[in-house]
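**Q** Starting off with a structure, shown below.
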Amino acid sequence: PAERDQRRRVARVLGYRGTPTAGPTEAFDHDLAHHRNLVRSIHERVYFRPLLDALANADRLAPGAAPALASFGFTDAERARQAVRELTRGLTRSSRMMRQLLPLLLDWLARSPDPDGGLLGLRKLASGDQRAMELANAFRDRPDVARNLCEALGTGQLFGDILVENPDLIVRLADPARLRTLDRDGLIESSGRALAWRPDAAECQRALRRWRDRHLLGVAARDVFGVDDVAGIGADLTALAEAVLERAVRTLEPRIPFAVVALGRFAGGELSYPSDLDVVFVHEAATPADHAEALRLAGGVLRFVGGATPVQRIWSVDTNLRPEGRDGALTRTLDGYATYFARWADVWERQAMARARPVAGDPELGARFADVVADAVWGRPFTAEDEREVRRLKARVERERIPPGEDREFHLKLGPGALADVEWTTQLLQLRTGTPGPGTAAALDALERAGAIDGEDADVLREAYTFCGATRNRWFIVGASPRSVDALPTRADDLARLARSLGTTPTRLRDDYRRVTRRARRVVERLFYAVP
């Protein structure tokens, strides 16, 4: 027990009476510490040290090393041996320190979802004498740095990729408070310092991508360490994306009023790691030259943020929700939007604009655009025919959007009762009752306060939305590959790593998915599809 009086009672029951210099509690604590050190020493000598010698000193893997590695969760024994040898070989001070620390590091890695990936990430971070020494010194001075680094590296490749380029961030892993995301204004100021004195747009783009990665590491680390929940992660990613767009607009030096408006989950402050940035552009123009400038700015933002190649990409940007979709103008004037919404806007366009929110560029223009959108979306009734059209669109999405090869039964985004079901149901209730709300979670709160949804139904939808969002976020970190993260993994080893990262088992993870989505689907069928 941690409480001193309780420990004193335990000590007396165990026969400790104390001495002239120490009471029963102190004597008990002394023996307990001695026992822990003894067990640790035996554990290291009997189990870790022979394994370390077998890995580091033999030209080939010793016969007994593979089973021992398997018991730690390492599945590729030969690669693990090579990684250990690279970490500990030589006579340098860093290699000696690594030999001393490695038993503890192996233990921490064994507790992570992917010990093999964590060990390889550790070897990559320690490549080179200078890096190895800095890493060993950090481990010696702050054991909590080593423990948290092992957990992060063993969770997903994302951490290793960012830390290789930014090794100064390793020591911050010991203190999640040092990884907090700044507010929007602070992020914009920070990004400005990162881009200062860059000679050209290409250099600015590379600097902004690295700046984004450094902050993304903090968001992901707080996620994995359990410091922030899915709502906090969404808010931080949204603030980071807004700062990226604002910095892109400022770098292009607009000569006319120009604004970027967020839609969808971006507008609602609920971004996830794999989310695109759904945006539209608005500008003011009086001459043909002004219109040309607007196109330069819109295209420039897309190229600067979206990149010409995946390597250059800072964030994926999607403009397909603009009026007329892919066939529509990339940017319009304020009057152009007002005219279009009044005369030609379809139901899906009204639905898309329900959460429109200016996030970058000219704030005054953005505010006037928000007024135009509010009038178009909430200024007239949402009819029964409009509701039928929304249901037809949703049914089409369910038929066509899940790509071949993805598990329809366990699809976190488009499966029955999953993210899209909750989002569409919430939006339909908002439009039906004229209840604005920035994001799905906030909108459910507003609908419940307005009496538009029963509290129990709202809780069911919230649970499914939170569960699927958090699981999808973690699969993005754990997966670290181009494969889709929109469905639970079908491969057994992938599912096991994901479940372990979430503190559960593969069977329970699937059972929990079925439980929360089946309950949510029943609510969706009743409230969205009007099924009795």
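Chain identifiers are assigned as A, B, and so on, following the order in which chains appear in the structure tokens; residues are numbered from 1 within each chain, and ligands are numbered from 1 in order of appearance.
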At a cut-off of 8 Å, using only C-alpha atoms, what residues contact stretch 417-426 of chain A? Leave out same-chain residues fewer than 3 positions from it and give the result as a list in words.

**A**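 After dropping sequence-adjacent residues, the list is Lys394, His411, Leu412, Lys413, Leu414, Leu429, Gln430, Thr440, Ala443, Leu444, Leu461, Ala464, Tyr465, Cys468, Gly469, Val516, Thr517, Arg518, Arg519, Ala520, Arg521, Arg522, Val524, Leu527 and Phe528 of chain A.
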
**Q** List every residue of stretch 325-406 of chain A that has an atom at most 9 Å from any atom of stretch 268-274 of chain A, giving for each one its closest atom pair and the distance in Å to one decimal, counting only C-alpha atoms, sorted by chain and then by ascending residue number, as a Markdown table.

**A**
| residue | atom | partner | partner_atom | distance |
| --- | --- | --- | --- | --- |
| A:Arg355 | CA | A:Gly268 | CA | 6.6 |
| A:Ala356 | CA | A:Gly268 | CA | 8.4 |
| A:Arg357 | CA | A:Gly268 | CA | 8.2 |

**Q** Report the residues of stretch 342-471 of chain A whose backbone DSSP state falls under strand (DSSP E or B), written as a list in words.

**A**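 So the strand (DSSP E or B) residues in stretch 342-471 of chain A would be Arg357, Pro358, Val359, Ala360, Gly361 and His411 of chain A.
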
**Q** Which of these, A:Gly306, A:Gly192, A:Pro436, A:Gly73, has the shortest distance to A:Trp211 once you count only C-alpha atoms?

**A**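 Residue with the minimum atom-to-atom distance to A:Trp211: A:Gly192.
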
**Q** Within stretch 220-455 of chain A, find each residue whose DSSP state, derived from the backbone, is helix (DSSP H, G or I), and express the selection as a PyMOL selection string.

**A** chain A and resi 220-224+230-252+264-267+288-306+325-327+334-343+347-355+363-378+384-400+419-433+440-449+455

**Q** Give the answer as one residue: which of A:Arg401, A:Arg147, A:Arg350, A:Arg322 has the shortest atom-to-atom distance to A:Gln427, using only C-alpha atoms?

**A**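 Using only C-alpha atoms, A:Gln427 sits closest to A:Arg350.
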
**Q** Just to confirm, what's the straight-line distance from atom CA of A:Leu495 to atom CA of A:Asp107 in Å (one decimal)?

**A**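 Interatomic distance here is 22.2 Å.
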
**Q** For A:Arg474, which residue among A:Pro24, A:Pro358, A:Gly156, A:Gly121 is the nearest when counting only C-alpha atoms?

**A** A:Gly156

**Q** Figure out the distance between atom CA of A:Glu409 and atom CA of A:Leu488, please, to one decimal in Å.

**A**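 So the two atoms, atom CA of A:Leu488 and atom CA of A:Glu409, lie 9.1 Å apart.
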